[in-house]
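Chemist: Please find my_file_5.cif (mmCIF, C-alpha atoms) on the next line:
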data_start
loop_
_atom_site.label_atom_id
_atom_site.label_comp_id
_atom_site.auth_asym_id
_atom_site.auth_seq_id
_atom_site.Cartn_x
_atom_site.Cartn_y
_atom_site.Cartn_z
CA MET E 1 132.03 -248.10 -133.76
CA ALA E 2 132.37 -249.30 -130.17
CA ASP E 3 134.88 -246.53 -129.47
CA SER E 4 132.59 -243.98 -131.10
CA GLY E 5 129.70 -245.08 -128.94
CA ARG E 6 131.72 -244.65 -125.78
CA ALA E 7 132.91 -241.20 -126.78
CA ASP E 8 129.41 -239.92 -127.57
CA GLY E 9 127.71 -241.50 -124.58
CA PRO E 10 125.90 -239.51 -121.92
CA GLY E 11 128.51 -240.24 -119.22
CA PRO E 12 130.54 -237.50 -117.57
CA MET E 13 133.50 -238.17 -119.84
CA GLY E 14 131.50 -237.77 -123.07
CA HIS E 15 131.62 -234.77 -125.35
CA GLY E 16 128.43 -233.34 -123.81
CA GLY E 17 129.91 -233.17 -120.29
CA ALA E 18 133.20 -231.75 -121.53
CA ASN E 19 131.45 -229.03 -123.55
CA ALA E 20 129.31 -228.03 -120.53
CA ALA E 21 132.38 -227.75 -118.33
CA SER E 22 134.24 -225.69 -120.93
CA ARG E 23 131.40 -223.16 -121.12
CA GLY E 24 131.96 -222.08 -117.48
CA ILE E 25 129.06 -220.09 -116.04
CA ALA E 26 127.13 -220.47 -119.28
CA GLY E 27 127.05 -224.20 -118.70
CA LEU E 28 125.28 -223.83 -115.32
CA PRO E 29 121.53 -223.94 -114.84
CA PHE E 30 119.89 -220.55 -115.20
CA ARG E 31 119.30 -219.96 -111.48
CA PHE E 32 122.97 -220.65 -110.73
CA GLN E 33 124.00 -218.32 -113.55
CA VAL E 34 122.02 -215.52 -111.88
CA VAL E 35 123.63 -216.18 -108.48
CA ALA E 36 127.12 -216.32 -109.97
CA ALA E 37 126.55 -213.13 -111.96
CA LEU E 38 125.31 -211.28 -108.87
CA ALA E 39 128.28 -212.49 -106.82
CA LEU E 40 130.74 -211.33 -109.47
CA ALA E 41 128.97 -207.98 -109.72
CA VAL E 42 129.16 -207.44 -105.95
CA ILE E 43 132.85 -208.37 -105.90
CA GLY E 44 133.52 -206.01 -108.80
CA VAL E 45 131.71 -203.12 -107.08
CA ILE E 46 133.59 -203.68 -103.81
CA ALA E 47 136.90 -203.85 -105.68
CA CYS E 48 136.15 -200.58 -107.49
CA VAL E 49 135.14 -198.86 -104.25
CA GLN E 50 138.31 -200.11 -102.53
CA ILE E 51 140.53 -198.83 -105.33
CA GLY E 52 138.72 -195.49 -105.34
CA MET E 53 138.96 -195.07 -101.56
CA VAL E 54 142.67 -195.91 -101.49
CA PHE E 55 143.29 -193.50 -104.37
CA LEU E 56 141.49 -190.66 -102.57
CA HIS E 57 143.35 -191.50 -99.36
CA VAL E 58 146.85 -191.30 -100.87
CA ALA E 59 146.16 -188.63 -103.49
CA PRO E 60 146.91 -184.95 -102.84
CA SER E 61 144.09 -182.96 -101.30
CA ASN E 62 141.35 -182.26 -103.83
CA THR E 63 137.68 -181.29 -103.99
CA VAL E 64 136.40 -184.86 -103.73
CA SER E 65 138.69 -185.88 -100.86
CA LYS E 66 137.75 -182.73 -98.95
CA GLU E 67 134.04 -183.35 -99.45
CA TYR E 68 134.14 -187.03 -98.52
CA GLY E 69 137.23 -187.10 -96.30
CA LYS E 70 135.43 -188.57 -93.28
CA ALA E 71 133.85 -191.36 -95.37
CA VAL E 72 137.26 -192.18 -96.86
CA ASP E 73 138.91 -192.31 -93.42
CA ASP E 74 136.11 -194.51 -92.04
CA TRP E 75 136.67 -196.94 -94.91
CA ILE E 76 140.48 -196.97 -94.77
CA TYR E 77 141.15 -197.06 -91.02
CA PRO E 78 142.28 -199.23 -89.43
CA GLU E 79 142.43 -202.26 -91.74
CA PHE E 80 143.58 -200.55 -94.97
CA GLU E 81 145.91 -197.87 -93.62
CA GLN E 82 148.58 -196.89 -96.13
CA ASN E 83 152.06 -196.45 -94.71
CA TRP E 84 154.83 -195.70 -97.18
CA LYS E 85 157.72 -195.69 -94.70
CA LEU E 86 158.79 -199.12 -95.96
CA PHE E 87 159.40 -197.66 -99.41
CA ALA E 88 160.66 -194.44 -100.96
CA PRO E 89 161.65 -191.79 -100.36
CA ASN E 90 162.88 -192.40 -96.79
CA PRO E 91 162.46 -195.92 -95.42
CA LEU E 92 162.21 -196.04 -91.64
CA GLN E 93 165.64 -197.01 -90.30
CA GLN E 94 165.04 -196.77 -86.56
CA ASN E 95 163.53 -198.83 -83.79
CA ILE E 96 161.40 -196.66 -81.49
CA ASN E 97 160.41 -198.12 -78.13
CA VAL E 98 157.81 -196.31 -76.02
CA GLN E 99 158.41 -196.68 -72.30
CA ALA E 100 156.75 -195.35 -69.16
CA ARG E 101 157.24 -195.25 -65.42
CA ALA E 102 154.95 -194.26 -62.58
CA GLU E 103 155.00 -192.71 -59.15
CA ILE E 104 152.99 -194.93 -56.81
CA LYS E 105 151.46 -193.50 -53.67
CA MET E 106 151.49 -196.29 -51.11
CA PRO E 107 148.84 -196.71 -48.38
CA GLY E 108 151.30 -195.50 -45.71
CA GLY E 109 151.84 -192.20 -47.54
CA THR E 110 155.22 -193.03 -49.06
CA VAL E 111 155.86 -192.58 -52.79
CA ARG E 112 157.70 -195.16 -54.89
CA THR E 113 158.89 -194.73 -58.48
CA THR E 114 158.79 -197.76 -60.73
CA ASP E 115 161.45 -198.73 -63.22
CA TRP E 116 160.94 -197.85 -66.88
CA ILE E 117 158.50 -200.32 -68.45
CA ASP E 118 159.02 -201.01 -72.15
CA PHE E 119 155.50 -201.30 -73.56
CA SER E 120 156.79 -201.58 -77.13
CA ALA E 121 158.84 -204.63 -76.17
CA GLN E 122 155.73 -206.17 -74.60
CA ASP E 123 153.78 -205.61 -77.82
CA GLY E 124 156.64 -207.05 -79.86
CA ALA E 125 156.73 -210.19 -77.73
CA ALA E 126 152.97 -210.61 -78.15
CA ILE E 127 153.21 -210.20 -81.94
CA GLN E 128 156.23 -212.44 -82.53
CA HIS E 129 155.31 -215.91 -83.85
CA ASN E 130 151.63 -214.94 -83.71
CA PRO E 131 150.00 -215.48 -87.14
CA LEU E 132 147.02 -213.29 -86.20
CA PRO E 133 148.25 -210.51 -83.88
CA SER E 134 145.71 -208.03 -82.63
CA HIS E 135 145.44 -204.59 -84.17
CA THR E 136 145.86 -203.08 -80.70
CA GLU E 137 149.23 -204.75 -80.13
CA GLN E 138 150.44 -203.72 -83.57
CA ASN E 139 149.28 -200.12 -83.74
CA GLU E 140 147.71 -198.59 -80.63
CA LEU E 141 150.89 -197.56 -78.79
CA ARG E 142 152.88 -196.81 -81.95
CA ARG E 143 150.24 -194.55 -83.42
CA GLY E 144 149.56 -192.91 -80.05
CA TRP E 145 153.21 -191.90 -79.81
CA ASP E 146 153.32 -190.78 -83.46
CA PHE E 147 150.22 -188.66 -82.76
CA PHE E 148 151.95 -187.03 -79.79
CA VAL E 149 155.23 -186.36 -81.64
CA GLY E 150 153.43 -184.97 -84.68
CA SER E 151 151.46 -182.48 -82.58
CA HIS E 152 154.35 -181.28 -80.33
CA THR E 153 157.60 -179.43 -80.79
CA ASP E 154 160.94 -181.02 -79.94
CA ASP E 155 160.69 -179.60 -76.41
CA ASN E 156 157.27 -181.28 -75.95
CA ARG E 157 155.15 -178.14 -76.34
CA PRO E 158 151.83 -178.49 -78.22
CA ASN E 159 152.02 -176.89 -81.66
CA GLY E 160 148.30 -176.93 -82.39
CA LEU E 161 144.82 -177.74 -81.15
CA ARG E 162 145.48 -181.47 -81.39
CA GLY E 163 148.37 -181.32 -78.93
CA GLU E 164 146.22 -181.57 -75.81
CA LEU E 165 144.14 -184.34 -77.37
CA SER E 166 147.28 -186.36 -78.16
CA GLU E 167 148.45 -186.00 -74.54
CA GLN E 168 145.11 -187.26 -73.22
CA TYR E 169 145.18 -190.18 -75.64
CA LEU E 170 148.72 -191.18 -74.67
CA ARG E 171 147.96 -190.92 -70.94
CA ARG E 172 144.92 -193.17 -71.34
CA ILE E 173 146.96 -195.78 -73.21
CA VAL E 174 149.61 -195.80 -70.48
CA MET E 175 147.07 -195.95 -67.66
CA LEU E 176 145.19 -198.77 -69.37
CA ARG E 177 148.40 -200.78 -69.30
CA LEU E 178 149.63 -199.72 -65.88
CA GLY E 179 146.31 -199.92 -64.05
CA ALA E 180 144.98 -197.30 -61.66
CA HIS E 181 146.24 -199.34 -58.69
CA ARG E 182 149.63 -200.97 -58.77
CA ASP E 183 151.61 -202.96 -56.21
CA GLY E 184 149.15 -202.10 -53.46
CA GLY E 185 149.29 -198.36 -54.11
CA THR E 186 147.68 -195.81 -56.43
CA VAL E 187 149.28 -194.37 -59.54
CA ASP E 188 149.76 -190.66 -58.85
CA ARG E 189 151.95 -189.50 -61.75
CA ILE E 190 153.31 -191.02 -64.95
CA GLN E 191 156.16 -190.18 -67.29
CA VAL E 192 156.61 -191.35 -70.86
CA ARG E 193 159.72 -191.50 -73.00
CA SER E 194 160.86 -192.96 -76.29
CA MET E 195 164.10 -194.86 -76.85
CA THR E 196 165.25 -194.55 -80.46
CA THR E 197 167.92 -196.87 -81.83
CA SER E 198 169.20 -196.71 -85.39
CA VAL E 199 169.16 -199.98 -87.31
CA LYS E 200 172.65 -201.22 -88.08
CA GLY E 201 173.53 -201.37 -91.77
CA PRO E 202 173.93 -204.73 -93.53
CA SER E 203 177.26 -206.53 -93.39
CA TRP E 204 178.04 -205.70 -97.01
CA SER E 205 177.52 -201.95 -96.50
CA ASP E 206 180.29 -199.48 -95.61
CA GLU E 207 177.76 -197.17 -93.92
CA LYS E 208 178.70 -196.23 -90.37
CA THR E 209 175.71 -196.18 -88.03
CA ASP E 210 175.63 -195.01 -84.44
CA THR E 211 173.43 -197.61 -82.73
CA ARG E 212 173.56 -196.01 -79.30
CA PRO E 213 170.03 -195.26 -78.08
CA SER E 214 168.73 -191.71 -77.76
CA TYR E 215 165.86 -190.72 -75.50
CA ARG E 216 163.03 -188.22 -75.59
CA GLU E 217 161.39 -187.74 -72.20
CA VAL E 218 158.01 -186.15 -71.63
CA PRO E 219 157.53 -184.22 -68.35
CA TRP E 220 155.65 -185.92 -65.53
CA TRP E 221 151.89 -185.96 -65.88
CA THR E 222 149.56 -186.02 -62.87
CA VAL E 223 146.91 -188.70 -63.27
CA THR E 224 143.31 -187.48 -63.24
CA PRO E 225 140.01 -189.43 -63.34
CA ALA E 226 139.77 -188.58 -67.06
CA ASP E 227 142.95 -190.61 -67.62
CA LEU E 228 141.35 -193.82 -66.38
CA PRO E 229 139.65 -195.64 -69.25
CA GLY E 230 137.48 -198.66 -68.60
CA GLY E 231 139.58 -201.64 -67.53
CA ALA E 232 142.34 -199.57 -65.93
CA GLY E 233 141.42 -200.58 -62.41
CA ASP E 234 143.59 -203.70 -62.29
CA ALA E 235 147.33 -203.42 -62.75
CA ARG E 236 148.89 -205.35 -65.61
CA THR E 237 152.38 -206.06 -64.34
CA GLU E 238 155.34 -207.29 -66.35
CA ALA E 239 154.91 -210.73 -64.81
CA LYS E 240 151.46 -211.02 -66.35
CA ARG E 241 152.92 -210.32 -69.78
#
How does the structure come out when it is put into structure tokens?
Modeler:
Amino acid sequence: MADSGRADGPGPMGHGGANAASRGIAGLPFRFQVVAALALAVIGVIACVQIGMVFLHVAPSNTVSKEYGKAVDDWIYPEFEQNWKLFAPNPLQQNINVQARAEIKMPGGTVRTTDWIDFSAQDGAAIQHNPLPSHTEQNELRRGWDFFVGSHTDDNRPNGLRGELSEQYLRRIVMLRLGAHRDGGTVDRIQVRSMTTSVKGPSWSDEKTDTRPSYREVPWWTVTPADLPGGAGDARTEAKR
């Protein structure tokens, strides 16, 4: 009888407390049930919207995606961008480094050309061992170059209306990193190139891979005031990185 009294007592270990805990939300006071139900409903709605937006983003063009394409893009980019290059059908097997150099007009009238500056390597160094790398360091330069390549022919001629826009965007990225004034002079012209290196196959593979780098150079661009975004006034040299 003593054991029975302890088991049926009002303490937290009694049958009453155990039954309340096993009922989950139903065992909470009414006001907490309402809050929990609303929270679960909001989470469920957000999850459904996320799934729907991702589906419309990756699905073939259709009436709904055409009608609400801008809303879908605003939801997806940049945090939920879908990139399938890691998977089928053709995983990306190259390292692409975007580099730039500049012609500097010095105060005395002389012109000096800088060495090639590897901006991709700078971004990689900033990302490595960083648990929370910035979106800019991960994607700005990479996507700017992809935008340029996708809107130009192999000989760097624009193949559509977006070609000129991609050039302006790439110039602004480079100038933001170079600075309008560098080493006591003023940046007069810039040139951009990519260095593409194939990733060597694994040790157990018999695949032969040519890992020598190949280059794609863009003609020199003259810097204009439109190429100077806010913050481009101070040079960001390699030493500062």
Chemist: Could you write out as a VMD selection string the residues that the PyMOL selection byres ((chain E and resi 124) around 12) matches in the shown file?
Modeler: chain E and resid 95 to 98 118 to 123 125 to 130 133 to 134 136 to 139 141 to 142 241
Chemist: Return the single residue from E:Arg177, E:His57, E:Lys200, E:Arg193 that is closest to Trp145 of chain E, with distances computed using all atoms listed in the file.
Modeler: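 Counting all atoms listed in the file, the residue closest to Trp145 of chain E is E:Arg193.
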Chemist: In the coordinate frame of the file, compute which residues have an atom within 8 Å of (140.1, -192.1, -70.8) when using all atoms listed in the file, and state them as a PyMOL selection string.
Modeler: chain E and resi 168-169+171-172+225-230
Chemist: Mind listing whatever residues come within 9 Å of the point (165.8, -198.4, -81.8)? Use only C-alpha atoms, file coordinates, and give them as a list of chain:residue names.
Modeler: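 Residues with an atom close enough to that point: E:Gln93, E:Gln94, E:Asn95, E:Ile96, E:Asn97, E:Met195, E:Thr196, E:Thr197, E:Ser198, E:Val199, E:Thr211, E:Arg212, E:Pro213, E:Ser214.
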Chemist: How many Å separate atom CA of Gly108 of chain E from atom CA of Thr186 of chain E?
Modeler: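 Computing the Euclidean distance for atom CA of Gly108 of chain E and atom CA of Thr186 of chain E yields 11.3 Å.
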